[in-house]
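Here's input_26.csv, which has CSV, C-alpha atoms and all ligand atoms:
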```csv
chain,number,residue,atom,x,y,z
V,235,MET,CA,8.9,6.1,-18.4
V,236,ALA,CA,7.2,5.8,-15.0
V,237,ILE,CA,6.8,7.8,-11.8
V,238,LEU,CA,7.8,6.0,-8.6
V,239,VAL,CA,5.4,6.9,-5.8
V,240,THR,CA,6.8,5.9,-2.4
V,241,GLY,CA,4.0,5.6,0.2
V,242,GLY,CA,1.6,5.5,-2.7
V,243,ALA,CA,-0.9,3.3,-0.8
V,244,GLY,CA,-1.3,6.0,1.9
V,245,TYR,CA,-3.8,8.8,2.1
V,246,ILE,CA,-2.2,11.5,0.0
V,247,GLY,CA,-0.2,9.1,-2.1
V,248,SER,CA,-3.3,7.1,-3.2
V,249,HIS,CA,-5.0,10.3,-4.4
V,250,THR,CA,-1.9,11.4,-6.2
V,251,CYS,CA,-1.7,8.0,-8.0
V,252,VAL,CA,-5.2,8.5,-9.3
V,253,GLU,CA,-4.3,11.9,-10.7
V,254,LEU,CA,-1.1,10.6,-12.2
V,255,LEU,CA,-2.9,7.7,-13.9
V,256,ASN,CA,-5.7,9.9,-15.1
V,257,ALA,CA,-3.0,12.2,-16.6
V,258,GLY,CA,-1.5,9.3,-18.5
V,259,TYR,CA,1.5,8.6,-16.4
V,260,GLU,CA,2.7,5.1,-15.7
V,261,VAL,CA,2.8,4.6,-11.9
V,262,VAL,CA,5.0,2.3,-9.7
V,263,VAL,CA,4.2,2.2,-6.0
V,264,CYS,CA,6.7,1.3,-3.3
V,265,ASP,CA,5.0,0.9,0.1
V,266,ASN,CA,5.7,-1.3,3.2
V,267,TYR,CA,2.0,-1.0,4.2
V,268,CYS,CA,2.9,0.0,7.8
V,269,ASN,CA,0.1,2.6,7.7
V,270,SER,CA,-2.0,1.4,4.7
V,271,VAL,CA,-3.3,-1.8,3.0
V,272,PRO,CA,-2.7,-3.3,-0.5
V,273,GLU,CA,-6.5,-3.1,-1.1
V,274,VAL,CA,-5.9,0.7,-1.8
V,275,LEU,CA,-4.1,-0.2,-5.1
V,276,GLU,CA,-7.2,-2.2,-6.2
V,277,ARG,CA,-9.4,0.8,-5.4
V,278,ILE,CA,-7.1,3.0,-7.5
V,279,LYS,CA,-7.4,0.6,-10.4
V,280,GLN,CA,-11.2,0.6,-10.0
V,281,ILE,CA,-11.3,4.4,-10.1
V,282,THR,CA,-9.0,4.9,-13.0
V,283,ASN,CA,-9.4,1.6,-15.0
V,284,LYS,CA,-5.6,1.6,-15.3
V,285,ASN,CA,-3.0,-0.7,-14.1
V,286,ILE,CA,-0.5,0.2,-11.3
V,287,ALA,CA,2.6,-1.7,-10.3
V,288,GLY,CA,2.9,-2.3,-6.6
V,289,TYR,CA,6.0,-3.3,-4.6
V,290,ASP,CA,5.8,-4.3,-1.0
V,291,CYS,CA,9.0,-2.7,-0.1
V,292,ASP,CA,10.5,-0.5,2.7
V,293,ILE,CA,12.4,2.5,1.5
V,294,ARG,CA,15.2,1.5,3.9
V,295,ASN,CA,15.6,-1.7,1.9
V,296,ARG,CA,18.3,-0.8,-0.6
V,297,ALA,CA,18.2,-4.1,-2.5
V,298,GLY,CA,14.4,-3.8,-2.7
V,299,LEU,CA,14.7,-0.3,-4.2
V,300,GLU,CA,17.3,-1.4,-6.6
V,301,LYS,CA,15.0,-4.1,-7.8
V,302,ILE,CA,12.3,-1.5,-8.5
V,303,PHE,CA,14.7,0.8,-10.4
V,304,SER,CA,16.1,-2.1,-12.4
V,305,GLU,CA,12.7,-3.4,-13.4
V,306,ASN,CA,11.2,-0.1,-14.3
V,307,SER,CA,12.3,3.0,-16.1
V,308,ILE,CA,11.7,5.6,-13.4
V,309,GLU,CA,11.9,9.2,-14.6
V,310,ALA,CA,11.0,10.9,-11.3
V,311,VAL,CA,10.0,10.0,-7.7
V,312,ILE,CA,7.2,11.4,-5.6
V,313,HIS,CA,8.3,10.7,-2.1
V,314,PHE,CA,5.4,10.3,0.4
V,315,ALA,CA,6.7,7.3,2.5
V,316,GLY,CA,7.2,8.4,6.1
V,317,LEU,CA,5.8,8.2,9.6
V,318,LYS,CA,3.7,11.2,10.5
V,319,ALA,CA,2.3,11.1,14.0
V,320,VAL,CA,3.6,14.0,16.0
V,321,GLY,CA,2.9,12.5,19.5
V,322,GLU,CA,4.4,9.1,18.5
V,323,SER,CA,7.5,10.8,17.2
V,324,THR,CA,8.1,12.4,20.6
V,325,ARG,CA,7.9,8.9,22.2
V,326,GLU,CA,9.9,7.1,19.5
V,327,PRO,CA,12.3,9.6,17.9
V,328,ILE,CA,14.8,7.0,16.8
V,329,MET,CA,12.1,5.2,14.9
V,330,TYR,CA,11.1,8.4,13.2
V,331,TYR,CA,14.7,9.4,12.3
V,332,ASP,CA,15.4,5.9,11.0
V,333,ASN,CA,12.2,5.6,9.0
V,334,ASN,CA,12.0,9.1,7.6
V,335,ILE,CA,15.6,10.2,7.4
V,336,SER,CA,17.5,7.0,6.8
V,337,GLY,CA,14.8,5.9,4.4
V,338,THR,CA,15.1,9.1,2.4
V,339,VAL,CA,18.9,8.9,2.3
V,340,THR,CA,18.7,5.3,1.0
V,341,LEU,CA,16.2,6.3,-1.6
V,342,LEU,CA,18.3,9.3,-2.8
V,343,ASP,CA,21.4,7.0,-3.0
V,344,VAL,CA,19.6,4.5,-5.2
V,345,MET,CA,18.1,7.3,-7.3
V,346,LYS,CA,21.6,8.6,-7.9
V,347,GLU,CA,22.9,5.1,-8.7
V,348,TYR,CA,20.2,4.8,-11.4
V,349,ASN,CA,20.7,8.4,-12.6
V,350,CYS,CA,17.2,9.4,-11.6
V,351,LYS,CA,17.6,12.9,-10.2
V,352,SER,CA,14.0,14.3,-10.1
V,353,ILE,CA,12.1,14.3,-6.8
V,354,VAL,CA,9.0,15.8,-5.3
V,355,PHE,CA,9.1,15.6,-1.5
V,356,SER,CA,6.2,15.7,0.9
V,357,SER,CA,7.2,18.4,3.4
V,358,SER,CA,5.0,20.2,5.8
V,359,ALA,CA,3.9,23.6,7.0
V,360,THR,CA,5.3,22.4,10.4
V,361,VAL,CA,8.8,23.5,9.2
V,362,TYR,CA,7.7,27.1,9.6
V,363,GLY,CA,7.4,26.8,13.4
V,364,ASN,CA,6.7,30.1,15.1
V,365,ASN,CA,6.9,32.4,12.1
V,366,PRO,CA,4.3,35.1,11.6
V,367,ILE,CA,1.3,34.2,9.5
V,368,PRO,CA,0.6,33.8,6.7
V,369,TYR,CA,3.7,31.6,6.1
V,370,GLU,CA,5.8,32.4,3.1
V,371,GLU,CA,8.5,30.3,1.5
V,372,THR,CA,11.2,33.0,2.1
V,373,MET,CA,10.9,32.6,5.8
V,374,VAL,CA,13.6,31.0,7.9
V,375,THR,CA,12.5,27.4,8.8
V,376,GLY,CA,13.5,24.8,11.3
V,377,ASP,CA,12.2,26.2,14.6
V,378,VAL,CA,10.3,22.9,15.1
V,379,SER,CA,9.1,21.5,18.3
V,380,ASN,CA,8.9,17.7,17.7
V,381,PRO,CA,10.9,14.9,16.0
V,382,TYR,CA,8.4,14.4,13.2
V,383,GLY,CA,8.6,18.1,12.2
V,384,ARG,CA,12.4,17.9,12.5
V,385,THR,CA,12.5,15.0,10.1
V,386,LYS,CA,10.8,17.2,7.5
V,387,HIS,CA,13.2,20.1,8.2
V,388,PHE,CA,16.3,17.9,8.1
V,389,ILE,CA,15.2,16.2,4.8
V,390,GLU,CA,14.7,19.6,3.2
V,391,GLN,CA,18.2,20.5,4.3
V,392,ILE,CA,19.6,17.1,3.0
V,393,LEU,CA,17.9,17.7,-0.4
V,394,GLY,CA,19.5,21.2,-0.4
V,395,ASP,CA,22.9,19.7,0.2
V,396,VAL,CA,22.3,17.1,-2.6
V,397,TYR,CA,21.4,19.9,-5.0
V,398,VAL,CA,24.5,21.9,-4.1
V,399,SER,CA,26.7,18.9,-4.6
V,400,ASP,CA,25.2,18.1,-8.0
V,401,ASN,CA,22.9,20.7,-9.6
V,402,GLU,CA,21.6,18.2,-12.2
V,403,TRP,CA,19.1,17.3,-9.5
V,404,SER,CA,15.5,18.7,-9.9
V,405,ILE,CA,13.9,19.0,-6.5
V,406,SER,CA,10.5,20.3,-5.4
V,407,LEU,CA,9.7,20.6,-1.7
V,408,LEU,CA,5.9,20.8,-1.2
V,409,ARG,CA,4.9,22.1,2.2
V,410,TYR,CA,1.5,20.8,2.8
V,411,PHE,CA,-1.0,22.5,5.1
V,412,ASN,CA,-3.9,20.4,6.5
V,413,PRO,CA,-5.2,17.9,3.9
V,414,ILE,CA,-8.7,16.6,4.4
V,415,GLY,CA,-11.5,15.2,2.2
V,416,ALA,CA,-11.4,12.2,-0.1
V,417,HIS,CA,-11.8,11.2,-3.7
V,418,GLU,CA,-15.4,12.0,-5.0
V,419,SER,CA,-15.9,8.3,-5.8
V,420,GLY,CA,-16.0,7.5,-2.1
V,421,LEU,CA,-13.5,4.6,-2.8
V,422,ILE,CA,-10.4,6.1,-1.3
V,423,GLY,CA,-9.9,8.4,1.7
V,424,GLU,CA,-8.2,8.7,5.0
V,425,ASP,CA,-8.3,5.6,7.1
V,426,PRO,CA,-6.0,6.0,10.2
V,427,ASN,CA,-5.3,3.0,12.4
V,428,GLY,CA,-6.8,3.2,15.9
V,429,ILE,CA,-8.0,6.5,17.4
V,430,PRO,CA,-7.3,9.3,14.9
V,431,ASN,CA,-4.9,12.1,15.9
V,432,ASN,CA,-6.2,14.5,13.3
V,433,LEU,CA,-9.3,16.6,13.4
V,434,MET,CA,-11.3,15.5,10.3
V,435,PRO,CA,-11.0,11.7,10.7
V,436,TYR,CA,-12.0,12.1,14.3
V,437,ILE,CA,-15.1,14.2,13.4
V,438,SER,CA,-16.2,11.6,10.8
V,439,ARG,CA,-15.8,8.7,13.3
V,440,VAL,CA,-17.9,10.6,15.8
V,441,ALA,CA,-20.5,11.2,13.1
V,442,ILE,CA,-20.6,7.6,12.1
V,443,GLY,CA,-20.9,6.5,15.8
V,444,LYS,CA,-17.6,4.8,16.1
V,445,LEU,CA,-16.4,7.3,18.7
V,446,PRO,CA,-18.6,9.0,21.3
V,447,GLN,CA,-17.4,12.5,21.3
V,448,LEU,CA,-14.8,14.9,19.8
V,449,THR,CA,-12.7,17.0,22.2
V,450,VAL,CA,-11.9,20.4,20.8
V,451,PHE,CA,-8.4,21.0,22.0
V,452,GLY,CA,-8.6,24.5,23.6
V,453,GLY,CA,-11.4,27.1,23.5
V,454,ASP,CA,-9.3,30.0,24.9
V,455,TYR,CA,-6.9,30.8,22.1
V,456,ASP,CA,-6.6,34.4,20.9
V,457,THR,CA,-8.7,33.6,17.8
V,458,LYS,CA,-12.1,34.7,16.6
V,459,ASP,CA,-13.9,31.9,18.5
V,460,GLY,CA,-11.1,30.7,20.8
V,461,THR,CA,-10.3,27.6,18.8
V,462,CYS,CA,-7.2,27.0,16.6
V,463,ILE,CA,-7.1,28.1,13.0
V,464,ARG,CA,-5.6,26.0,10.2
V,465,ASP,CA,-5.5,26.0,6.4
V,466,TYR,CA,-7.5,22.9,5.3
V,467,ILE,CA,-6.9,21.7,1.8
V,468,HIS,CA,-8.9,19.1,-0.2
V,469,VAL,CA,-6.6,16.1,-0.8
V,470,VAL,CA,-7.5,16.0,-4.5
V,471,ASP,CA,-6.3,19.6,-4.9
V,472,LEU,CA,-3.2,18.6,-3.0
V,473,ALA,CA,-2.7,15.6,-5.3
V,474,LYS,CA,-3.0,17.8,-8.3
V,475,ALA,CA,-0.2,20.0,-7.0
V,476,HIS,CA,2.2,17.1,-7.4
V,477,LEU,CA,1.4,17.0,-11.1
V,478,CYS,CA,2.1,20.7,-11.4
V,479,ALA,CA,5.4,20.2,-9.5
V,480,LEU,CA,6.4,17.4,-11.9
V,481,ASN,CA,5.6,19.6,-14.9
V,482,LYS,CA,7.6,22.4,-13.4
V,483,LEU,CA,10.6,20.1,-12.9
V,484,LYS,CA,10.4,19.1,-16.5
V,485,SER,CA,10.1,22.6,-17.9
V,486,ASP,CA,12.6,24.1,-15.4
V,487,PRO,CA,14.9,21.2,-14.5
V,488,HIS,CA,18.1,21.4,-12.3
V,489,SER,CA,16.5,23.5,-9.7
V,490,ILE,CA,15.3,23.3,-6.1
V,491,ASP,CA,12.3,25.1,-4.8
V,492,ALA,CA,9.8,25.0,-1.9
V,493,TYR,CA,6.1,25.7,-2.4
V,494,ASN,CA,3.3,26.2,0.1
V,495,ILE,CA,0.4,24.0,-0.8
V,496,GLY,CA,-2.6,25.5,1.0
V,497,THR,CA,-5.7,27.6,0.2
V,498,GLY,CA,-4.6,30.7,2.1
V,499,ILE,CA,-7.8,30.5,4.1
V,500,GLY,CA,-7.8,29.9,7.8
V,501,TYR,CA,-10.7,28.0,9.5
V,502,SER,CA,-11.2,27.4,13.2
V,503,VAL,CA,-12.0,24.0,14.7
V,504,LEU,CA,-15.6,25.2,15.3
V,505,ASP,CA,-15.8,26.3,11.6
V,506,ILE,CA,-14.9,22.8,10.6
V,507,ILE,CA,-17.5,21.2,12.9
V,508,ASN,CA,-20.2,23.6,11.6
V,509,ALA,CA,-19.3,23.0,8.0
V,510,PHE,CA,-19.3,19.3,8.5
V,511,GLU,CA,-22.8,19.4,10.0
V,512,ASP,CA,-24.1,21.6,7.2
V,513,ALA,CA,-22.6,19.5,4.4
V,514,THR,CA,-23.6,16.1,5.8
V,515,GLY,CA,-26.7,16.7,8.0
V,516,GLN,CA,-24.9,14.8,10.7
V,517,LYS,CA,-24.6,16.1,14.2
V,518,VAL,CA,-21.1,16.1,15.7
V,519,ASN,CA,-21.1,15.6,19.5
V,520,TYR,CA,-18.2,17.6,20.9
V,521,LYS,CA,-16.9,19.3,24.0
V,522,ILE,CA,-14.3,22.0,24.5
V,523,GLY,CA,-11.4,20.5,26.4
V,524,GLU,CA,-7.8,21.3,27.4
V,525,ARG,CA,-5.3,22.6,24.9
V,526,ARG,CA,-3.1,20.0,23.2
V,527,ALA,CA,0.6,20.5,23.9
V,528,GLY,CA,2.6,21.9,21.0
V,529,ASP,CA,-0.4,23.3,19.1
V,530,LEU,CA,0.1,26.7,17.5
V,531,PRO,CA,-3.0,29.0,17.8
V,532,ALA,CA,-3.2,29.8,14.1
V,533,PHE,CA,-1.4,29.2,10.8
V,534,TYR,CA,-2.2,29.3,7.1
V,535,ALA,CA,-0.4,29.6,3.8
V,536,ASN,CA,0.4,32.4,1.5
V,537,PRO,CA,0.0,30.1,-1.6
V,538,LYS,CA,1.0,32.9,-4.2
V,539,LYS,CA,4.2,31.2,-5.2
V,540,ALA,CA,2.5,27.9,-6.0
V,541,ASN,CA,-0.3,29.8,-7.8
V,542,GLU,CA,2.1,31.8,-9.9
V,543,VAL,CA,5.1,29.5,-10.5
V,544,LEU,CA,3.4,26.1,-10.5
V,545,GLY,CA,0.1,27.4,-12.0
V,546,TRP,CA,-1.7,25.5,-9.3
V,547,HIS,CA,-4.8,26.7,-7.5
V,548,ALA,CA,-7.0,25.0,-4.9
V,549,GLU,CA,-10.4,24.5,-6.5
V,550,ARG,CA,-12.4,22.7,-3.8
V,551,ASN,CA,-14.0,24.5,-0.9
V,552,LEU,CA,-14.7,23.5,2.7
V,553,HIS,CA,-18.2,22.2,1.8
V,554,ASP,CA,-16.6,19.8,-0.8
V,555,MET,CA,-14.0,18.7,1.8
V,556,CYS,CA,-16.7,17.8,4.3
V,557,GLU,CA,-19.0,16.1,1.8
V,558,ASP,CA,-16.3,14.0,0.3
V,559,THR,CA,-14.9,13.0,3.7
V,560,TRP,CA,-18.4,11.8,4.7
V,561,ARG,CA,-19.0,9.9,1.5
V,562,PHE,CA,-15.9,7.8,2.1
V,563,GLN,CA,-16.7,7.3,5.8
V,564,LYS,CA,-20.3,6.3,5.0
V,565,ASN,CA,-19.4,3.9,2.2
V,566,ASN,CA,-16.6,2.4,4.3
V,567,PRO,CA,-17.7,2.5,7.9
V,568,ASN,CA,-14.8,0.2,8.9
V,569,GLY,CA,-12.3,1.9,6.6
V,570,TYR,CA,-10.6,-0.4,4.2
V,571,LYS,CA,-11.3,-3.4,6.5
V,572,LYS,CA,-14.0,-5.6,5.1
V,573,ASP,CA,-15.4,-7.0,8.4
V,601,LIG,P1,0.0,7.9,5.2
V,601,LIG,O1,0.6,7.3,6.5
V,601,LIG,O2,-1.4,7.7,4.9
V,601,LIG,O3,0.9,7.5,4.0
V,601,LIG,C1,2.3,7.2,4.1
V,601,LIG,C2,2.5,5.9,3.4
V,601,LIG,O4,3.9,5.6,3.5
V,601,LIG,C3,1.8,4.7,4.1
V,601,LIG,O5,1.1,4.0,3.1
V,601,LIG,C4,2.9,3.9,4.7
V,601,LIG,O6,2.6,2.5,4.8
V,601,LIG,C5,4.1,4.2,3.9
V,601,LIG,N1,5.4,4.1,4.5
V,601,LIG,C6,5.8,4.7,5.7
V,601,LIG,N2,7.1,4.3,6.0
V,601,LIG,C7,7.5,3.6,4.9
V,601,LIG,C8,8.7,3.0,4.6
V,601,LIG,N3,9.8,3.1,5.5
V,601,LIG,N4,8.8,2.3,3.5
V,601,LIG,C9,7.8,2.3,2.6
V,601,LIG,N5,6.6,2.8,2.9
V,601,LIG,C10,6.4,3.5,4.0
V,601,LIG,O7,0.3,9.5,5.3
V,601,LIG,P2,-0.2,10.7,4.4
V,601,LIG,O8,-1.1,11.5,5.2
V,601,LIG,O9,-0.6,10.2,3.1
V,601,LIG,O10,1.2,11.5,4.3
V,601,LIG,C11,2.1,11.3,3.2
V,601,LIG,C12,3.3,12.2,3.4
V,601,LIG,O11,2.9,13.5,3.5
V,601,LIG,C13,4.1,11.8,4.7
V,601,LIG,O12,5.5,12.0,4.4
V,601,LIG,C14,3.6,12.9,5.6
V,601,LIG,O13,4.6,13.2,6.6
V,601,LIG,C15,3.4,14.1,4.7
V,601,LIG,N6,2.5,15.1,5.2
V,601,LIG,C16,1.2,14.7,5.6
V,601,LIG,C17,0.4,15.6,6.1
V,601,LIG,C18,-1.0,15.2,6.6
V,601,LIG,O14,-1.6,16.0,7.3
V,601,LIG,N7,-1.5,14.1,6.2
V,601,LIG,C19,0.8,17.0,6.3
V,601,LIG,C20,2.1,17.3,5.9
V,601,LIG,C21,2.9,16.4,5.3
V,602,LIG,N1,-8.0,19.1,17.0
V,602,LIG,C1,-9.0,19.0,18.0
V,602,LIG,N2,-9.4,17.8,18.4
V,602,LIG,C2,-8.9,16.6,17.9
V,602,LIG,C3,-7.9,16.7,16.9
V,602,LIG,C4,-7.5,18.0,16.5
V,602,LIG,O1,-9.5,20.1,18.5
V,602,LIG,O2,-9.3,15.6,18.3
V,602,LIG,C5,-7.6,20.5,16.6
V,602,LIG,C6,-6.1,20.7,16.8
V,602,LIG,O3,-5.9,21.3,18.1
V,602,LIG,C7,-5.7,21.7,15.7
V,602,LIG,C8,-6.7,21.3,14.6
V,602,LIG,O4,-7.7,20.6,15.2
V,602,LIG,O5,-6.0,23.0,16.1
V,602,LIG,C9,-6.0,20.5,13.5
V,602,LIG,O6,-5.4,19.4,14.1
V,602,LIG,P1,-4.7,18.2,13.3
V,602,LIG,O7,-4.1,17.3,14.3
V,602,LIG,O8,-5.7,17.7,12.3
V,602,LIG,O9,-3.6,19.0,12.4
V,602,LIG,P2,-2.3,19.9,12.9
V,602,LIG,O10,-2.6,21.2,12.3
V,602,LIG,O11,-2.2,19.8,14.3
V,602,LIG,O12,-1.2,19.2,12.2
```
As C-alpha cells, please, write out the structure in this file.
Ligand code: NAD
Ligand code: UDP
Amino acid sequence: MAILVTGGAGYIGSHTCVELLNAGYEVVVCDNYCNSVPEVLERIKQITNKNIAGYDCDIRNRAGLEKIFSENSIEAVIHFAGLKAVGESTREPIMYYDNNISGTVTLLDVMKEYNCKSIVFSSSATVYGNNPIPYEETMVTGDVSNPYGRTKHFIEQILGDVYVSDNEWSISLLRYFNPIGAHESGLIGEDPNGIPNNLMPYISRVAIGKLPQLTVFGGDYDTKDGTCIRDYIHVVDLAKAHLCALNKLKSDPHSIDAYNIGTGIGYSVLDIINAFEDATGQKVNYKIGERRAGDLPAFYANPKKANEVLGWHAERNLHDMCEDTWRFQKNNPNGYKKD
C-alpha cells in the first residue's frame, strides 16, 4: 500500500516524502511542476536511499489521476498540490479557484471511485482571519480577506460535506502556521520562483547577495517592537505532523478533524532577522517600510490539540530553522537550478 502525495515535489511535500520514506511508507508523487522541479525527487532519493514513484500530472487531469490510482495501491492521500501566493490570488482568482478547488474536487472524485477515503489536507492558519489569538480549532473560520485563503476555507467546507455524505471518509485538516527551514542535509529546501513573497526566503536571498535589501513591512504595529508577529515552524516538524495525522486516521478512522500545526510561540520580523544573523553569522541588510496590505499584526497557534490528540510536538527551535535555511541556501545559491 502506498501514500499518494500531491504536490510532493514542492517545499512542504518534499520534506514530507522524506519522512514517509524514512518511516517505511511507499510513496507516489503527483505534481505538475508548476512551482517545483523533478530534480527534487532525485534529491529525496539521495537523502533516503529509497525509491519514489513520480507522475508528472495535474490534479485537474482526471484521466491522469485514474492512471495513478490504477497503477498503484493507494491507501491514503496527502494533498499539498495548490497555488499559494496571496497577492497573485487577488489578481487571478479564477486561476486559484480552478487549480485549488476544481483540482481538489477532481481528486476527491477519483479517490471515491477507487474507494480510497483517507486524506490529509494542507490547510492554513489563514482560515482563522480576525479571530483573537492564540487561534484554536473551535473558533469560527472563514473570515478571510483573499482568494487564496478562501480556497483553503472552501476546501475545508467541501471536505466537511463529503464526510457528512459518507462517514467512511477519514479526513485530517492540518492548519499550518509559518513553515520555514530546510532538511538538515541541505539538499532540499524552499526555492521560490522569482522574488520571494515570504519572509525567510527573502532574508536568505539578501544574505547570499541575490537581493540587495529586505523591506520589513511595517514598523508601527501594536506589537513589542512594532513589527508583525507570526508562529514560525520548522518544515521537518511540519512534515512529521503528517505522519502523526496518518497514524491517527488509521487508529481512529471515519472521522474529520482540524489541527493547528504551529509551535505556539510568536516571533516578530525583527526577531527572525536577529536569529538569522546569530545562527549564520550573516548580516541581513534591511529597512523598515510601509505595511503590506492584508497583513494581520499578530497570530500564533494554540497547538494543544495536535500535541494531545496527534501526539505531535514541534522539536526544532528558531536557531535550527535559521541554520537549516542557510545551509540549503549556501549549498544551492541558485536553488535547484544548476547554472
Ligand atoms: P509549493 O508551491 O512549494 O508546493 C506545491 C506543489 O504543488 C508544487 O510542487 C506545485 O508544482 C504543485 N502543484 C500546484 N498545483 C498543482 C496541480 N494543479 N496539479 C499538480 N501539482 C500542482 O508550496 P508549499 O509551500 O509546499 O505548500 C504546500 C501546500 O501547503 C499548499 O497547498 C499550500 O497552500 C499549503 N500551505 C503552505 C504554507 C506555506 O507557508 N508554505 C502555509 C499554509 C498552507
Ligand atoms: N514580511 C516582511 N518582508 C517581506 C516578507 C514578509 O516584513 O519581504 C513580513 C510580513 O509582513 C509578515 C511576516 O513577515 O509579518 C511573515 O510573512 P510571510 O509572507 O512569510 O507569511 P504570512 O504570515 O504573511 O503568510
Hey, what's within 10 Å of Trp560 in chain V if we count only C-alpha atoms and toss same-chain stuff fewer than 2 positions away? As a PDB file with C-alpha atoms, keeping the file's coordinate frame, please?
```
ATOM      1  CA  GLY V 415     -11.500  15.200   2.200  1.00  0.00           C
ATOM      2  CA  ALA V 416     -11.400  12.200  -0.100  1.00  0.00           C
ATOM      3  CA  GLY V 420     -16.000   7.500  -2.100  1.00  0.00           C
ATOM      4  CA  GLY V 423      -9.900   8.400   1.700  1.00  0.00           C
ATOM      5  CA  MET V 434     -11.300  15.500  10.300  1.00  0.00           C
ATOM      6  CA  PRO V 435     -11.000  11.700  10.700  1.00  0.00           C
ATOM      7  CA  ILE V 437     -15.100  14.200  13.400  1.00  0.00           C
ATOM      8  CA  SER V 438     -16.200  11.600  10.800  1.00  0.00           C
ATOM      9  CA  ARG V 439     -15.800   8.700  13.300  1.00  0.00           C
ATOM     10  CA  ALA V 441     -20.500  11.200  13.100  1.00  0.00           C
ATOM     11  CA  ILE V 442     -20.600   7.600  12.100  1.00  0.00           C
ATOM     12  CA  PHE V 510     -19.300  19.300   8.500  1.00  0.00           C
ATOM     13  CA  ALA V 513     -22.600  19.500   4.400  1.00  0.00           C
ATOM     14  CA  THR V 514     -23.600  16.100   5.800  1.00  0.00           C
ATOM     15  CA  GLN V 516     -24.900  14.800  10.700  1.00  0.00           C
ATOM     16  CA  ASP V 554     -16.600  19.800  -0.800  1.00  0.00           C
ATOM     17  CA  MET V 555     -14.000  18.700   1.800  1.00  0.00           C
ATOM     18  CA  CYS V 556     -16.700  17.800   4.300  1.00  0.00           C
ATOM     19  CA  GLU V 557     -19.000  16.100   1.800  1.00  0.00           C
ATOM     20  CA  ASP V 558     -16.300  14.000   0.300  1.00  0.00           C
ATOM     21  CA  PHE V 562     -15.900   7.800   2.100  1.00  0.00           C
ATOM     22  CA  GLN V 563     -16.700   7.300   5.800  1.00  0.00           C
ATOM     23  CA  LYS V 564     -20.300   6.300   5.000  1.00  0.00           C
ATOM     24  CA  ASN V 565     -19.400   3.900   2.200  1.00  0.00           C
ATOM     25  CA  ASN V 566     -16.600   2.400   4.300  1.00  0.00           C
ATOM     26  CA  PRO V 567     -17.700   2.500   7.900  1.00  0.00           C
TER      27      PRO V 567
END
```
Inset, instruction - Name the residues in contact with Ile389 in chain V at a cut-off of 9 Å, using all atoms listed in the file, excluding same-chain residues fewer than 5 positions from it; report them as number ranges by chain. - result: V: 334-335, 338-339, 355, 357, 384, 394
Inset, instruction - Figure out the distance between CA of Thr497 in chain V and atom N5 of ligand LIG 601 (chain V), please, to one decimal in Å. - result: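 Between atom N5 of ligand LIG 601 (chain V) and CA of Thr497 in chain V the gap is 27.8 Å.
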Inset, instruction - May I ask you to write as a ChimeraX atom specification all residues lying at most 8 Å from ligand LIG 601 (chain V), with all atoms listed in the file counted? - result: /V:240-248,264-271,290-294,313-318,333-334,337,355-360,382,386,409-414,424-426,432
Residues of range 277-374 of chain V at most 9 Å from range 474-494 of chain V: nearest atom pair and distance in Å, all atoms listed in the file, as CSV:
```
residue,atom,partner,partner_atom,distance
V:Ala310,CA,V:Leu480,CA,8.0
V:Ile312,CA,V:His476,CA,7.8
V:Lys351,CA,V:His488,CA,8.8
V:Ser352,CA,V:Leu483,CA,7.3
V:Ile353,CA,V:Leu480,CA,8.3
V:Val354,CA,V:Ala479,CA,7.1
V:Ser357,CA,V:Ala492,CA,8.9
V:Ser358,CA,V:Asn494,CA,8.4
V:Ala359,CA,V:Asn494,CA,7.4
V:Tyr369,CA,V:Asn494,CA,8.1
V:Glu370,CA,V:Asn494,CA,7.3
V:Glu371,CA,V:Ala492,CA,6.4
```
Sort by chain and increasing residue number a table of all residues of chain V within 7 Å of ligand LIG 602 (chain V), each with its closest pair of atoms and their distance in Å to one decimal, counting all atoms listed in the file, and write it as a Markdown table.
```
| residue | atom | partner | partner_atom | distance |
| --- | --- | --- | --- | --- |
| V:Asn412 | CA | V:LIG602 | O10 | 6.0 |
| V:Asn431 | CA | V:LIG602 | O7 | 5.5 |
| V:Asn432 | CA | V:LIG602 | O8 | 3.4 |
| V:Leu433 | CA | V:LIG602 | C3 | 3.8 |
| V:Met434 | CA | V:LIG602 | O8 | 6.3 |
| V:Tyr436 | CA | V:LIG602 | O2 | 6.0 |
| V:Leu448 | CA | V:LIG602 | O2 | 5.7 |
| V:Thr449 | CA | V:LIG602 | N2 | 5.1 |
| V:Val450 | CA | V:LIG602 | O1 | 3.3 |
| V:Phe451 | CA | V:LIG602 | O1 | 3.8 |
| V:Gly452 | CA | V:LIG602 | O1 | 6.8 |
| V:Thr461 | CA | V:LIG602 | O5 | 6.9 |
| V:Cys462 | CA | V:LIG602 | O5 | 4.2 |
| V:Ile463 | CA | V:LIG602 | O5 | 6.1 |
| V:Arg464 | CA | V:LIG602 | O10 | 6.0 |
| V:Val503 | CA | V:LIG602 | O4 | 5.5 |
| V:Arg525 | CA | V:LIG602 | O3 | 6.9 |
| V:Arg526 | CA | V:LIG602 | O3 | 6.0 |
| V:Asp529 | CA | V:LIG602 | O3 | 5.9 |
| V:Pro531 | CA | V:LIG602 | O5 | 6.9 |
```
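Pairwise distance (CA of Val398 in chain V, CA of Asn364 in chain V) equals 27.4 Å.
The coordinates place CA of Leu238 in chain V at 12.4 Å from CA of Val344 in chain V.
Each of V:Ser404, V:Asn256, V:Gln447, V:Thr385 was compared to Thr282 in chain V using all atoms listed in the file, and V:Asn256 turns out to be the nearest.
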Legend entry - Residue nearest Val440 in chain V among V:Ser502, V:Asn519, V:Val470, V:Asp400 (counting all atoms listed in the file):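 Of the candidates, the smallest distance to Val440 in chain V is held by V:Asn519.
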Legend entry - Pick from V:His249, V:Ile308, V:Pro327, V:Glu322 nearest to Tyr348 in chain V, counting all atoms listed in the file: V:Ile308
Inset, instruction - Measuring atom to atom with all atoms listed in the file, identify which of V:Arg550, V:Lys517, V:Lys458, V:Lys538 is nearest to Gly500 in chain V. - result: V:Lys458
Legend entry - From V:Ala527, V:Asn551, V:Pro537, V:Ile392, residue lying nearest Tyr466 in chain V [all atoms listed in the file]: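 Of all the options, V:Asn551 lies closest to Tyr466 in chain V.
Of the listed residues (V:Ala509, V:Leu299, V:Val311, V:Val320), V:Leu299 comes nearest to Glu347 in chain V; the distances count all atoms listed in the file.
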